[in-house]
$ cat final.cif   # mmCIF, C-alpha atoms
data_start
loop_
_atom_site.label_atom_id
_atom_site.label_comp_id
_atom_site.auth_asym_id
_atom_site.auth_seq_id
_atom_site.Cartn_x
_atom_site.Cartn_y
_atom_site.Cartn_z
CA MET H 16 0.90 -103.21 -177.26
CA MET H 17 2.28 -106.37 -178.81
CA LYS H 18 0.03 -105.96 -181.85
CA LYS H 19 1.25 -102.39 -182.35
CA LYS H 20 4.86 -103.62 -182.45
CA LEU H 21 3.87 -106.39 -184.83
CA TYR H 22 2.01 -103.98 -187.12
CA ALA H 23 4.97 -101.60 -187.09
CA THR H 24 7.29 -104.45 -188.01
CA LEU H 25 5.06 -105.53 -190.87
CA LEU H 26 4.67 -101.95 -192.05
CA GLY H 27 8.45 -101.87 -192.16
CA THR H 28 8.30 -105.07 -194.19
CA GLY H 29 5.99 -103.40 -196.69
CA VAL H 30 8.31 -100.42 -196.94
CA ALA H 31 11.26 -102.78 -197.33
CA LEU H 32 9.46 -104.64 -200.11
CA ALA H 33 8.69 -101.39 -201.87
CA THR H 34 12.31 -100.34 -201.49
CA MET H 35 13.46 -103.76 -202.60
CA SER H 36 11.33 -103.36 -205.71
CA SER H 37 13.24 -100.21 -206.57
CA VAL H 38 16.50 -102.07 -206.01
CA PHE H 39 15.32 -104.87 -208.30
CA ALA H 40 14.61 -102.27 -210.94
CA ALA H 41 18.19 -101.00 -210.53
CA GLU H 42 17.01 -97.42 -210.62
CA PRO H 43 17.03 -94.93 -207.77
CA SER H 44 13.80 -93.24 -206.79
CA THR H 45 13.05 -90.06 -208.64
CA GLU H 46 12.42 -86.84 -206.79
CA GLN H 47 8.79 -87.03 -207.88
CA GLN H 48 8.40 -90.49 -206.36
CA VAL H 49 9.93 -89.29 -203.10
CA ASN H 50 7.61 -86.26 -203.04
CA GLU H 51 4.56 -88.43 -203.79
CA SER H 52 5.56 -90.81 -201.02
CA ALA H 53 5.87 -87.92 -198.57
CA THR H 54 2.45 -86.64 -199.64
CA VAL H 55 0.86 -90.03 -199.06
CA GLN H 56 2.49 -90.29 -195.63
CA ALA H 57 1.34 -86.80 -194.73
CA HIS H 58 -2.23 -87.77 -195.59
CA GLY H 59 -2.42 -90.59 -193.08
CA TRP H 60 -1.16 -93.96 -194.23
CA HIS H 61 -1.38 -96.23 -191.26
CA LYS H 62 -0.50 -99.81 -190.34
CA GLY H 63 -0.89 -102.24 -193.19
CA GLY H 64 -0.48 -99.62 -195.91
CA LYS H 65 -4.15 -98.63 -196.03
CA MET H 66 -5.57 -95.16 -195.73
CA THR H 67 -8.43 -94.56 -193.35
CA GLU H 68 -11.73 -93.68 -194.98
CA SER H 69 -11.64 -90.20 -193.46
CA LYS H 70 -8.16 -89.58 -194.87
CA LEU H 71 -9.30 -90.80 -198.28
CA GLU H 72 -12.23 -88.40 -198.11
CA GLU H 73 -9.93 -85.56 -197.11
CA LEU H 74 -7.48 -86.24 -199.94
CA ALA H 75 -10.28 -86.67 -202.50
CA LYS H 76 -11.79 -83.34 -201.42
CA GLU H 77 -8.40 -81.63 -201.81
CA LYS H 78 -8.15 -83.05 -205.34
CA GLY H 79 -11.76 -82.15 -206.17
CA ILE H 80 -12.76 -85.74 -206.93
CA THR H 81 -14.83 -88.48 -205.31
CA VAL H 82 -13.38 -91.10 -202.99
CA ASN H 83 -14.11 -93.78 -205.60
CA GLU H 84 -12.25 -91.79 -208.25
CA LEU H 85 -9.32 -91.39 -205.86
CA LYS H 86 -9.27 -95.12 -205.12
CA GLN H 87 -9.31 -95.86 -208.84
CA GLN H 88 -6.42 -93.44 -209.44
CA MET H 89 -4.42 -95.06 -206.65
CA LYS H 90 -5.07 -98.53 -208.06
CA GLN H 91 -4.07 -97.44 -211.58
CA LYS H 92 -0.90 -95.81 -210.24
CA LYS H 93 0.01 -98.98 -208.36
CA GLU H 94 -0.58 -101.16 -211.41
CA ALA H 95 1.42 -98.79 -213.63
CA LYS H 96 4.31 -98.89 -211.15
CA LEU H 97 4.21 -102.70 -211.07
CA GLU H 98 4.18 -102.82 -214.87
CA GLN H 99 7.13 -100.44 -215.05
CA MET H 100 9.13 -102.43 -212.50
CA ALA H 101 8.34 -105.74 -214.19
CA LYS H 102 9.36 -104.38 -217.59
CA LYS H 103 12.70 -103.18 -216.22
CA LYS H 104 13.33 -106.62 -214.74
CA GLY H 105 12.29 -108.33 -217.96
CA ILE H 106 9.50 -110.29 -216.28
CA THR H 107 5.72 -110.21 -216.21
CA VAL H 108 3.70 -108.32 -213.61
CA GLU H 109 2.50 -111.66 -212.28
CA GLU H 110 6.10 -112.87 -211.84
CA LEU H 111 6.94 -109.63 -210.02
CA LYS H 112 3.94 -110.05 -207.73
CA GLN H 113 5.07 -113.61 -207.00
CA GLN H 114 8.57 -112.39 -206.10
CA LEU H 115 7.17 -109.74 -203.78
CA GLN H 116 4.79 -112.25 -202.20
CA LYS H 117 7.68 -114.67 -201.64
CA LYS H 118 9.71 -111.95 -199.87
CA HIS H 119 6.64 -111.08 -197.78
CA GLU H 120 6.14 -114.73 -196.78
CA GLU H 121 9.82 -115.05 -195.86
CA LYS H 122 9.52 -112.01 -193.62
CA LEU H 123 6.38 -113.42 -191.98
CA GLU H 124 8.22 -116.69 -191.33
CA GLU H 125 11.09 -114.78 -189.75
CA ILE H 126 8.77 -112.78 -187.50
CA ALA H 127 6.77 -115.88 -186.52
CA LYS H 128 9.97 -117.71 -185.63
CA GLN H 129 11.12 -114.79 -183.46
CA LYS H 130 7.76 -114.81 -181.66
CA GLY H 131 7.77 -118.59 -181.29
CA ILE H 132 4.47 -119.05 -183.15
CA SER H 133 3.41 -120.46 -186.51
CA VAL H 134 2.99 -118.30 -189.59
CA ASP H 135 -0.74 -119.09 -189.55
CA GLU H 136 -1.01 -117.85 -185.96
CA LEU H 137 0.86 -114.69 -186.92
CA LYS H 138 -1.43 -114.09 -189.91
CA LYS H 139 -4.49 -114.36 -187.65
CA GLN H 140 -3.12 -111.48 -185.60
CA LEU H 141 -2.71 -109.24 -188.63
CA PRO H 142 -5.13 -107.09 -190.62
CA ASN H 143 -6.15 -108.73 -193.90
CA GLY H 144 -4.79 -112.04 -192.66
CA GLY H 145 -1.22 -110.86 -193.30
CA GLN H 146 -1.78 -110.52 -197.05
CA LEU H 147 -0.08 -107.83 -199.13
#
$ encode --input "final.cif" --output "structure tokens"
Amino acid sequence: MMKKKLYATLLGTGVALATMSSVFAAEPSTEQQVNESATVQAHGWHKGGKMTESKLEELAKEKGITVNELKQQMKQKKEAKLEQMAKKKGITVEELKQQLQKKHEEKLEEIAKQKGISVDELKKQLPNGGQL
């Protein structure tokens, strides 16, 4: 039960970081972005921002492509979004990633402090070791 709460909190952190990214870009989300986000949520994003393999297969089938093609499209879309956000901020993609990582680490520190454990202990409890 405790892990579920922790995962939910970190999922909220990921959403907050994504939202924060839009704020950094000083541009509100477009209707298309909102619709795409709703589509992704409807297709089964779960804790940690990853889709289950079965949901990936389902979505790929709906699109008439392979799972690998779908994963590649998702990766390209993410990279394009990062590039767009970085350009609007006048920084490199690497600098943007560093800013997002810093915010993520700060949130992990806050959560660890609330739980009375170290950040390393918190990361051990998380999928992917607490990495973005």
$ residues_near_point --input "final.cif" --point "(-1.3, -100.6, -205.3)" --cutoff "12 Å" --atoms "only C-alpha atoms" --output "PDB file with C-alpha atoms, in the frame of the given file"
ATOM      1  CA  GLY H  29       5.990-103.400-196.690  1.00  0.00           C
ATOM      2  CA  ALA H  33       8.690-101.390-201.870  1.00  0.00           C
ATOM      3  CA  GLY H  64      -0.480 -99.620-195.910  1.00  0.00           C
ATOM      4  CA  LYS H  65      -4.150 -98.630-196.030  1.00  0.00           C
ATOM      5  CA  MET H  66      -5.570 -95.160-195.730  1.00  0.00           C
ATOM      6  CA  LYS H  86      -9.270 -95.120-205.120  1.00  0.00           C
ATOM      7  CA  GLN H  87      -9.310 -95.860-208.840  1.00  0.00           C
ATOM      8  CA  GLN H  88      -6.420 -93.440-209.440  1.00  0.00           C
ATOM      9  CA  MET H  89      -4.420 -95.060-206.650  1.00  0.00           C
ATOM     10  CA  LYS H  90      -5.070 -98.530-208.060  1.00  0.00           C
ATOM     11  CA  GLN H  91      -4.070 -97.440-211.580  1.00  0.00           C
ATOM     12  CA  LYS H  92      -0.900 -95.810-210.240  1.00  0.00           C
ATOM     13  CA  LYS H  93       0.010 -98.980-208.360  1.00  0.00           C
ATOM     14  CA  GLU H  94      -0.580-101.160-211.410  1.00  0.00           C
ATOM     15  CA  ALA H  95       1.420 -98.790-213.630  1.00  0.00           C
ATOM     16  CA  LYS H  96       4.310 -98.890-211.150  1.00  0.00           C
ATOM     17  CA  LEU H  97       4.210-102.700-211.070  1.00  0.00           C
ATOM     18  CA  GLU H  98       4.180-102.820-214.870  1.00  0.00           C
ATOM     19  CA  LYS H 112       3.940-110.050-207.730  1.00  0.00           C
ATOM     20  CA  LEU H 147      -0.080-107.830-199.130  1.00  0.00           C
TER      21      LEU H 147
END
$ atom_distance --input "final.cif" --atom1 "CA of Ile126 (chain H)" --atom2 "CA of Gln113 (chain H)"
19.9 Å
$ closest_residue --input "final.cif" --among "H:Gln114, H:Leu141, H:Ser69, H:Ala75" --to "Ala127 (chain H)" --atoms "only C-alpha atoms"
H:Leu141
$ atom_distance --input "final.cif" --atom1 "CA of Glu72 (chain H)" --atom2 "CA of Gln140 (chain H)"
27.8 Å
$ atom_distance --input "final.cif" --atom1 "CA of Asn143 (chain H)" --atom2 "CA of Leu85 (chain H)"
21.3 Å
$ residues_around --input "final.cif" --residues "Leu137 (chain H)" --least-positions-apart "4" --cutoff "10 Å" --atoms "only C-alpha atoms" --output "JSON, numbers by chain"
{"H": [21, 123, 124, 126, 127, 128, 130, 131, 132, 133, 141, 144, 145]}
